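What follows is model-v5.cif (mmCIF, N, CA and C atoms).
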data_start
#
loop_
_atom_site.label_atom_id
_atom_site.label_comp_id
_atom_site.auth_asym_id
_atom_site.auth_seq_id
_atom_site.Cartn_x
_atom_site.Cartn_y
_atom_site.Cartn_z
N MET M 1 13.23 -291.93 -4.60
CA MET M 1 14.30 -291.70 -5.56
C MET M 1 15.35 -290.80 -4.91
N ARG M 2 16.58 -291.13 -5.12
CA ARG M 2 17.66 -290.33 -4.58
C ARG M 2 17.85 -289.06 -5.39
N GLU M 3 18.47 -288.06 -4.76
CA GLU M 3 18.65 -286.77 -5.43
C GLU M 3 19.40 -286.91 -6.75
N LYS M 4 20.42 -287.75 -6.81
CA LYS M 4 21.17 -287.91 -8.05
C LYS M 4 20.27 -288.41 -9.17
N GLY M 5 19.33 -289.28 -8.84
CA GLY M 5 18.39 -289.75 -9.85
C GLY M 5 17.52 -288.63 -10.38
N VAL M 6 17.15 -287.71 -9.52
CA VAL M 6 16.35 -286.56 -9.94
C VAL M 6 17.18 -285.67 -10.87
N ASP M 7 18.45 -285.46 -10.53
CA ASP M 7 19.33 -284.65 -11.38
C ASP M 7 19.39 -285.22 -12.80
N VAL M 8 19.52 -286.52 -12.90
CA VAL M 8 19.59 -287.17 -14.21
C VAL M 8 18.29 -286.97 -14.96
N LEU M 9 17.16 -287.13 -14.28
CA LEU M 9 15.87 -286.93 -14.94
C LEU M 9 15.68 -285.49 -15.42
N VAL M 10 16.13 -284.53 -14.61
CA VAL M 10 16.04 -283.12 -15.01
C VAL M 10 16.92 -282.87 -16.23
N ALA M 11 18.12 -283.40 -16.22
CA ALA M 11 19.04 -283.22 -17.36
C ALA M 11 18.44 -283.82 -18.63
N LEU M 12 17.89 -285.02 -18.52
CA LEU M 12 17.29 -285.66 -19.68
C LEU M 12 16.10 -284.87 -20.21
N ALA M 13 15.27 -284.38 -19.31
CA ALA M 13 14.10 -283.59 -19.73
C ALA M 13 14.53 -282.30 -20.41
N LEU M 14 15.56 -281.65 -19.87
CA LEU M 14 16.06 -280.42 -20.48
C LEU M 14 16.50 -280.65 -21.91
N VAL M 15 17.29 -281.68 -22.13
CA VAL M 15 17.80 -281.97 -23.47
C VAL M 15 16.67 -282.43 -24.39
N ARG M 16 15.78 -283.28 -23.89
CA ARG M 16 14.66 -283.78 -24.71
C ARG M 16 13.77 -282.62 -25.17
N GLU M 17 13.43 -281.74 -24.25
CA GLU M 17 12.55 -280.61 -24.61
C GLU M 17 13.26 -279.63 -25.53
N ALA M 18 14.55 -279.41 -25.32
CA ALA M 18 15.31 -278.49 -26.19
C ALA M 18 15.41 -279.02 -27.61
N ALA M 19 15.35 -280.34 -27.78
CA ALA M 19 15.44 -280.95 -29.11
C ALA M 19 14.10 -281.01 -29.84
N ASP M 20 13.01 -280.75 -29.13
CA ASP M 20 11.68 -280.83 -29.73
C ASP M 20 11.44 -279.60 -30.61
N PRO M 21 11.21 -279.77 -31.91
CA PRO M 21 11.01 -278.61 -32.78
C PRO M 21 9.75 -277.81 -32.47
N GLU M 22 8.85 -278.39 -31.68
CA GLU M 22 7.62 -277.69 -31.28
C GLU M 22 7.85 -276.77 -30.08
N ILE M 23 8.99 -276.89 -29.42
CA ILE M 23 9.30 -276.13 -28.21
C ILE M 23 10.19 -274.95 -28.56
N GLY M 24 9.79 -273.75 -28.15
CA GLY M 24 10.57 -272.56 -28.45
C GLY M 24 11.45 -272.09 -27.30
N LEU M 25 11.07 -272.45 -26.07
CA LEU M 25 11.81 -271.99 -24.89
C LEU M 25 11.79 -273.07 -23.83
N VAL M 26 12.95 -273.37 -23.27
CA VAL M 26 13.07 -274.31 -22.16
C VAL M 26 13.68 -273.54 -20.99
N ILE M 27 13.04 -273.64 -19.82
CA ILE M 27 13.54 -272.95 -18.63
C ILE M 27 13.98 -273.98 -17.61
N LEU M 28 15.23 -273.93 -17.23
CA LEU M 28 15.78 -274.81 -16.22
C LEU M 28 15.64 -274.12 -14.87
N ALA M 29 14.81 -274.66 -13.99
CA ALA M 29 14.59 -274.07 -12.67
C ALA M 29 15.46 -274.82 -11.66
N SER M 30 16.73 -274.46 -11.61
CA SER M 30 17.67 -275.12 -10.72
C SER M 30 18.91 -274.26 -10.56
N HIS M 31 19.60 -274.43 -9.44
CA HIS M 31 20.91 -273.80 -9.27
C HIS M 31 21.99 -274.88 -9.15
N ASP M 32 21.68 -276.09 -9.54
CA ASP M 32 22.61 -277.22 -9.46
C ASP M 32 23.62 -277.14 -10.61
N THR M 33 24.87 -276.87 -10.28
CA THR M 33 25.89 -276.72 -11.31
C THR M 33 26.21 -278.05 -12.01
N ASP M 34 25.77 -279.18 -11.43
CA ASP M 34 25.95 -280.47 -12.11
C ASP M 34 25.16 -280.54 -13.41
N LEU M 35 24.21 -279.62 -13.59
CA LEU M 35 23.39 -279.62 -14.80
C LEU M 35 24.02 -278.83 -15.95
N ALA M 36 25.20 -278.25 -15.74
CA ALA M 36 25.86 -277.48 -16.79
C ALA M 36 26.09 -278.29 -18.07
N PRO M 37 26.50 -279.57 -18.00
CA PRO M 37 26.65 -280.33 -19.24
C PRO M 37 25.34 -280.49 -20.01
N ALA M 38 24.23 -280.59 -19.31
CA ALA M 38 22.93 -280.67 -19.98
C ALA M 38 22.61 -279.34 -20.66
N LEU M 39 22.99 -278.22 -20.03
CA LEU M 39 22.82 -276.91 -20.68
C LEU M 39 23.65 -276.85 -21.95
N ASP M 40 24.89 -277.33 -21.88
CA ASP M 40 25.74 -277.36 -23.08
C ASP M 40 25.05 -278.12 -24.21
N GLU M 41 24.54 -279.29 -23.90
CA GLU M 41 23.88 -280.12 -24.92
C GLU M 41 22.65 -279.42 -25.48
N ALA M 42 21.83 -278.85 -24.60
CA ALA M 42 20.61 -278.16 -25.06
C ALA M 42 20.97 -276.99 -25.98
N LEU M 43 22.01 -276.23 -25.63
CA LEU M 43 22.43 -275.12 -26.48
C LEU M 43 23.04 -275.61 -27.79
N ASP M 44 23.79 -276.71 -27.74
CA ASP M 44 24.38 -277.25 -28.96
C ASP M 44 23.31 -277.72 -29.94
N ILE M 45 22.21 -278.23 -29.43
CA ILE M 45 21.10 -278.67 -30.29
C ILE M 45 20.56 -277.48 -31.06
N GLY M 46 20.42 -276.35 -30.38
CA GLY M 46 20.06 -275.10 -31.03
C GLY M 46 18.62 -274.95 -31.49
N THR M 47 17.74 -275.87 -31.14
CA THR M 47 16.35 -275.78 -31.57
C THR M 47 15.57 -274.78 -30.74
N ALA M 48 15.70 -274.86 -29.41
CA ALA M 48 14.95 -274.00 -28.50
C ALA M 48 15.89 -273.03 -27.79
N LYS M 49 15.36 -271.89 -27.41
CA LYS M 49 16.08 -270.97 -26.55
C LYS M 49 16.09 -271.58 -25.15
N VAL M 50 17.19 -271.42 -24.42
CA VAL M 50 17.32 -271.99 -23.08
C VAL M 50 17.59 -270.86 -22.09
N GLU M 51 16.82 -270.86 -21.00
CA GLU M 51 17.00 -269.89 -19.92
C GLU M 51 17.01 -270.65 -18.60
N SER M 52 17.34 -269.96 -17.52
CA SER M 52 17.29 -270.57 -16.20
C SER M 52 16.62 -269.62 -15.22
N CYS M 53 16.11 -270.21 -14.15
CA CYS M 53 15.58 -269.40 -13.05
C CYS M 53 15.83 -270.19 -11.77
N TRP M 54 16.01 -269.47 -10.68
CA TRP M 54 16.22 -270.14 -9.41
C TRP M 54 16.06 -269.15 -8.27
N TRP M 55 15.96 -269.71 -7.09
CA TRP M 55 15.87 -268.92 -5.87
C TRP M 55 16.78 -269.55 -4.85
N ASN M 56 17.62 -268.75 -4.22
CA ASN M 56 18.53 -269.24 -3.19
C ASN M 56 18.04 -268.74 -1.84
N PRO M 57 17.51 -269.62 -0.99
CA PRO M 57 16.96 -269.18 0.29
C PRO M 57 18.01 -268.60 1.22
N ASP M 58 19.27 -268.91 1.01
CA ASP M 58 20.34 -268.37 1.86
C ASP M 58 20.72 -266.95 1.46
N ARG M 59 20.17 -266.49 0.33
CA ARG M 59 20.44 -265.15 -0.20
C ARG M 59 21.93 -264.93 -0.50
N ARG M 60 22.65 -266.00 -0.73
CA ARG M 60 24.05 -265.89 -1.15
C ARG M 60 24.08 -266.06 -2.65
N TRP M 61 24.92 -265.28 -3.29
CA TRP M 61 25.01 -265.38 -4.75
C TRP M 61 25.98 -266.49 -5.09
N THR M 62 25.46 -267.65 -5.42
CA THR M 62 26.30 -268.76 -5.86
C THR M 62 26.20 -268.93 -7.36
N GLY M 63 25.22 -268.32 -7.95
CA GLY M 63 25.06 -268.36 -9.39
C GLY M 63 24.40 -269.61 -9.91
N PRO M 64 23.67 -269.49 -10.99
CA PRO M 64 23.01 -270.63 -11.62
C PRO M 64 24.02 -271.43 -12.44
N PRO M 65 23.65 -272.63 -12.87
CA PRO M 65 24.55 -273.36 -13.76
C PRO M 65 24.74 -272.59 -15.06
N GLN M 66 25.94 -272.62 -15.58
CA GLN M 66 26.25 -271.93 -16.83
C GLN M 66 26.90 -272.91 -17.80
N PRO M 67 26.62 -272.75 -19.07
CA PRO M 67 27.26 -273.61 -20.07
C PRO M 67 28.74 -273.28 -20.20
N SER M 68 29.47 -274.16 -20.84
CA SER M 68 30.91 -273.98 -21.01
C SER M 68 31.21 -273.03 -22.16
N GLY M 69 32.48 -272.76 -22.33
CA GLY M 69 32.94 -271.96 -23.46
C GLY M 69 32.56 -270.50 -23.41
N GLY M 70 32.28 -269.99 -22.21
CA GLY M 70 31.93 -268.58 -22.09
C GLY M 70 30.51 -268.24 -22.53
N ARG M 71 29.75 -269.25 -22.96
CA ARG M 71 28.36 -268.99 -23.33
C ARG M 71 27.56 -268.70 -22.07
N ARG M 72 26.54 -267.90 -22.21
CA ARG M 72 25.70 -267.56 -21.06
C ARG M 72 24.25 -267.80 -21.45
N VAL M 73 23.43 -268.07 -20.44
CA VAL M 73 21.99 -268.14 -20.64
C VAL M 73 21.34 -267.11 -19.73
N TRP M 74 20.20 -266.61 -20.17
CA TRP M 74 19.47 -265.65 -19.36
C TRP M 74 19.02 -266.33 -18.08
N ASN M 75 19.18 -265.65 -16.94
CA ASN M 75 18.76 -266.19 -15.65
C ASN M 75 17.86 -265.21 -14.94
N THR M 76 16.75 -265.71 -14.44
CA THR M 76 15.84 -264.91 -13.62
C THR M 76 15.93 -265.39 -12.19
N ARG M 77 16.32 -264.51 -11.28
CA ARG M 77 16.37 -264.84 -9.85
C ARG M 77 15.00 -264.56 -9.26
N LEU M 78 14.40 -265.59 -8.71
CA LEU M 78 13.07 -265.45 -8.11
C LEU M 78 13.17 -264.87 -6.71
N ARG M 79 12.21 -264.03 -6.37
CA ARG M 79 12.08 -263.58 -4.99
C ARG M 79 11.31 -264.66 -4.23
N CYS M 80 11.35 -264.58 -2.92
CA CYS M 80 10.76 -265.61 -2.06
C CYS M 80 9.29 -265.86 -2.40
N GLY M 81 8.50 -264.82 -2.55
CA GLY M 81 7.07 -264.99 -2.83
C GLY M 81 6.82 -265.70 -4.16
N ALA M 82 7.58 -265.34 -5.18
CA ALA M 82 7.43 -265.99 -6.49
C ALA M 82 7.84 -267.45 -6.41
N PHE M 83 8.90 -267.73 -5.66
CA PHE M 83 9.33 -269.11 -5.50
C PHE M 83 8.25 -269.94 -4.80
N GLU M 84 7.68 -269.39 -3.75
CA GLU M 84 6.62 -270.10 -3.02
C GLU M 84 5.43 -270.41 -3.93
N ARG M 85 5.03 -269.47 -4.75
CA ARG M 85 3.89 -269.67 -5.65
C ARG M 85 4.20 -270.67 -6.77
N ALA M 86 5.47 -270.82 -7.12
CA ALA M 86 5.86 -271.68 -8.24
C ALA M 86 6.08 -273.14 -7.84
N GLN M 87 6.10 -273.43 -6.56
CA GLN M 87 6.41 -274.79 -6.11
C GLN M 87 5.32 -275.79 -6.52
N ASP M 88 5.77 -276.94 -6.91
CA ASP M 88 4.87 -278.07 -7.20
C ASP M 88 4.68 -278.84 -5.90
N ARG M 89 3.51 -278.75 -5.32
CA ARG M 89 3.26 -279.39 -4.02
C ARG M 89 2.63 -280.78 -4.15
N THR M 90 2.69 -281.34 -5.36
CA THR M 90 2.15 -282.67 -5.60
C THR M 90 2.99 -283.71 -4.88
N ASP M 91 2.33 -284.65 -4.21
CA ASP M 91 3.03 -285.76 -3.56
C ASP M 91 3.15 -286.88 -4.58
N TYR M 92 4.36 -287.14 -5.06
CA TYR M 92 4.59 -288.12 -6.11
C TYR M 92 4.92 -289.52 -5.58
N THR M 93 4.83 -289.69 -4.26
CA THR M 93 5.15 -291.02 -3.70
C THR M 93 4.00 -291.98 -3.82
#

Represent the supplied structure as structure tokens.
Amino acid sequence: MREKGVDVLVALALVREAADPEIGLVILASHDTDLAPALDEALDIGTAKVESCWWNPDRRWTGPPQPSGGRRVWNTRLRCGAFERAQDRTDYT
């Protein structure tokens, strides 16, 4: 699967989980700013709280995706060790 396909799947999952009345918190683990429209939609739904977390190996502050209209979501920046422990090492091929 190409990266763009993964972005679409992540965006769909974010919105789907945010709309589920059984879900109280959705965490977007990405620094891809292309996902900002999905954040907007998840916040507009208003069912679940939405946060983000990410780790930038280059240690440059590029910032996580943010929703439009000046709205902000809580972001947790992971340190290298926490990022390593959080990785999904499953081979999905």

Quiz item: If you measure from atom N of Ala19 in chain M to atom N of Leu43 in chain M, what distance in Å do you get, rounded to one decimal?
Solution: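 Separation of atom N of Ala19 in chain M and atom N of Leu43 in chain M: 8.1 Å.
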
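The space separating CA of Ser52 in chain M from CA of Thr93 in chain M comes to 26.9 Å.
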
Practice problem: Name the residues that the PyMOL selection byres ((chain M and resi 12-18) around 6.5) pulls out of this structure, and write them as a PyMOL selection string. | Solution: chain M and resi 7-11+19-21+23+26+38+41-42+45-48

Quiz item: Expressed in Å to a single decimal, how great is the separation between CA of Asp88 in chain M and CA of Glu51 in chain M?
Solution: 19.4 Å

Centre, x/y/z edge lengths, axis-aligned box for range 22-31 of chain M with 6 Å per side, as lines of an AutoDock Vina configuration file:
center_x = 14.8
center_y = -275.2
center_z = -20.4
size_x = 26.4
size_y = 18.4
size_z = 34.5

Exercise. Go through chain M and collect every residue that DSSP, computed from the backbone, puts in alpha helix (DSSP H); the answer should be as a PyMOL selection string.
Key: chain M and resi 3-19+36-45+80-86

Quiz item: Care to translate the PyMOL selection byres ((chain M and resi 28-33) around 6) into actual residues of this file, as a list in words?
Solution: Val26, Ile27, Asp34, Leu35, Ala36, Glu51, Ser52, Cys53, Trp54, Gly63, Pro64, Pro65 and Gln66 of chain M

Would you write out those residues with N, CA and C atoms, as a tab-separated table (two decimals), keeping the file's coordinate frame?
chain	number	residue	atom	x	y	z
M	26	VAL	N	12.95	-273.37	-23.27
M	26	VAL	CA	13.07	-274.31	-22.16
M	26	VAL	C	13.68	-273.54	-20.99
M	27	ILE	N	13.04	-273.64	-19.82
M	27	ILE	CA	13.54	-272.95	-18.63
M	27	ILE	C	13.98	-273.98	-17.61
M	34	ASP	N	25.77	-279.18	-11.43
M	34	ASP	CA	25.95	-280.47	-12.11
M	34	ASP	C	25.16	-280.54	-13.41
M	35	LEU	N	24.21	-279.62	-13.59
M	35	LEU	CA	23.39	-279.62	-14.80
M	35	LEU	C	24.02	-278.83	-15.95
M	36	ALA	N	25.20	-278.25	-15.74
M	36	ALA	CA	25.86	-277.48	-16.79
M	36	ALA	C	26.09	-278.29	-18.07
M	51	GLU	N	16.82	-270.86	-21.00
M	51	GLU	CA	17.00	-269.89	-19.92
M	51	GLU	C	17.01	-270.65	-18.60
M	52	SER	N	17.34	-269.96	-17.52
M	52	SER	CA	17.29	-270.57	-16.20
M	52	SER	C	16.62	-269.62	-15.22
M	53	CYS	N	16.11	-270.21	-14.15
M	53	CYS	CA	15.58	-269.40	-13.05
M	53	CYS	C	15.83	-270.19	-11.77
M	54	TRP	N	16.01	-269.47	-10.68
M	54	TRP	CA	16.22	-270.14	-9.41
M	54	TRP	C	16.06	-269.15	-8.27
M	63	GLY	N	25.22	-268.32	-7.95
M	63	GLY	CA	25.06	-268.36	-9.39
M	63	GLY	C	24.40	-269.61	-9.91
M	64	PRO	N	23.67	-269.49	-10.99
M	64	PRO	CA	23.01	-270.63	-11.62
M	64	PRO	C	24.02	-271.43	-12.44
M	65	PRO	N	23.65	-272.63	-12.87
M	65	PRO	CA	24.55	-273.36	-13.76
M	65	PRO	C	24.74	-272.59	-15.06
M	66	GLN	N	25.94	-272.62	-15.58
M	66	GLN	CA	26.25	-271.93	-16.83
M	66	GLN	C	26.90	-272.91	-17.80

Self-check item: Counting only C-alpha atoms, the residue of M:Gly24, M:Arg79, M:Asp91, M:Ser68 that sits nearest Leu39 in chain M
Solution: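 Closest to Leu39 in chain M of all the choices is M:Ser68.
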
Working from the structure I just supplied, which lacks atoms in range 12-37 of chain M, can you model N, CA, C and O atoms there and output them as a compact mmCIF listing (two decimals), keeping the file's coordinate frame?
# COMPACT_ATOMS: atom_id res chain seq x y z
N LEU M 12 17.89 -285.02 -18.52
CA LEU M 12 17.29 -285.66 -19.68
C LEU M 12 16.10 -284.87 -20.21
O LEU M 12 15.95 -284.69 -21.42
N ALA M 13 15.27 -284.38 -19.31
CA ALA M 13 14.10 -283.59 -19.73
C ALA M 13 14.53 -282.30 -20.41
O ALA M 13 13.94 -281.90 -21.42
N LEU M 14 15.56 -281.65 -19.87
CA LEU M 14 16.06 -280.42 -20.48
C LEU M 14 16.50 -280.65 -21.91
O LEU M 14 16.09 -279.93 -22.83
N VAL M 15 17.29 -281.68 -22.13
CA VAL M 15 17.80 -281.97 -23.47
C VAL M 15 16.67 -282.43 -24.39
O VAL M 15 16.58 -281.99 -25.54
N ARG M 16 15.78 -283.28 -23.89
CA ARG M 16 14.66 -283.78 -24.71
C ARG M 16 13.77 -282.62 -25.17
O ARG M 16 13.42 -282.52 -26.34
N GLU M 17 13.43 -281.74 -24.25
CA GLU M 17 12.55 -280.61 -24.61
C GLU M 17 13.26 -279.63 -25.53
O GLU M 17 12.65 -279.07 -26.44
N ALA M 18 14.55 -279.41 -25.32
CA ALA M 18 15.31 -278.49 -26.19
C ALA M 18 15.41 -279.02 -27.61
O ALA M 18 15.54 -278.25 -28.56
N ALA M 19 15.35 -280.34 -27.78
CA ALA M 19 15.44 -280.95 -29.11
C ALA M 19 14.10 -281.01 -29.84
O ALA M 19 14.07 -281.26 -31.04
N ASP M 20 13.01 -280.75 -29.13
CA ASP M 20 11.68 -280.83 -29.73
C ASP M 20 11.44 -279.60 -30.61
O ASP M 20 11.45 -278.47 -30.10
N PRO M 21 11.21 -279.77 -31.91
CA PRO M 21 11.01 -278.61 -32.78
C PRO M 21 9.75 -277.81 -32.47
O PRO M 21 9.61 -276.67 -32.90
N GLU M 22 8.85 -278.39 -31.68
CA GLU M 22 7.62 -277.69 -31.28
C GLU M 22 7.85 -276.77 -30.08
O GLU M 22 6.98 -275.97 -29.75
N ILE M 23 8.99 -276.89 -29.42
CA ILE M 23 9.30 -276.13 -28.21
C ILE M 23 10.19 -274.95 -28.56
O ILE M 23 11.23 -275.11 -29.19
N GLY M 24 9.79 -273.75 -28.15
CA GLY M 24 10.57 -272.56 -28.45
C GLY M 24 11.45 -272.09 -27.30
O GLY M 24 12.44 -271.40 -27.51
N LEU M 25 11.07 -272.45 -26.07
CA LEU M 25 11.81 -271.99 -24.89
C LEU M 25 11.79 -273.07 -23.83
O LEU M 25 10.73 -273.63 -23.52
N VAL M 26 12.95 -273.37 -23.27
CA VAL M 26 13.07 -274.31 -22.16
C VAL M 26 13.68 -273.54 -20.99
O VAL M 26 14.70 -272.87 -21.15
N ILE M 27 13.04 -273.64 -19.82
CA ILE M 27 13.54 -272.95 -18.63
C ILE M 27 13.98 -273.98 -17.61
O ILE M 27 13.18 -274.82 -17.19
N LEU M 28 15.23 -273.93 -17.23
CA LEU M 28 15.78 -274.81 -16.22
C LEU M 28 15.64 -274.12 -14.87
O LEU M 28 16.27 -273.10 -14.62
N ALA M 29 14.81 -274.66 -13.99
CA ALA M 29 14.59 -274.07 -12.67
C ALA M 29 15.46 -274.82 -11.66
O ALA M 29 14.99 -275.71 -10.96
N SER M 30 16.73 -274.46 -11.61
CA SER M 30 17.67 -275.12 -10.72
C SER M 30 18.91 -274.26 -10.56
O SER M 30 19.24 -273.47 -11.44
N HIS M 31 19.60 -274.43 -9.44
CA HIS M 31 20.91 -273.80 -9.27
C HIS M 31 21.99 -274.88 -9.15
O HIS M 31 23.10 -274.60 -8.73
N ASP M 32 21.68 -276.09 -9.54
CA ASP M 32 22.61 -277.22 -9.46
C ASP M 32 23.62 -277.14 -10.61
O ASP M 32 23.27 -277.34 -11.76
N THR M 33 24.87 -276.87 -10.28
CA THR M 33 25.89 -276.72 -11.31
C THR M 33 26.21 -278.05 -12.01
O THR M 33 26.83 -278.04 -13.06
N ASP M 34 25.77 -279.18 -11.43
CA ASP M 34 25.95 -280.47 -12.11
C ASP M 34 25.16 -280.54 -13.41
O ASP M 34 25.40 -281.41 -14.24
N LEU M 35 24.21 -279.62 -13.59
CA LEU M 35 23.39 -279.62 -14.80
C LEU M 35 24.02 -278.83 -15.95
O LEU M 35 23.45 -278.77 -17.04
N ALA M 36 25.20 -278.25 -15.74
CA ALA M 36 25.86 -277.48 -16.79
C ALA M 36 26.09 -278.29 -18.07
O ALA M 36 25.88 -277.77 -19.17
N PRO M 37 26.50 -279.57 -18.00
CA PRO M 37 26.65 -280.33 -19.24
C PRO M 37 25.34 -280.49 -20.01
O PRO M 37 25.34 -280.49 -21.25
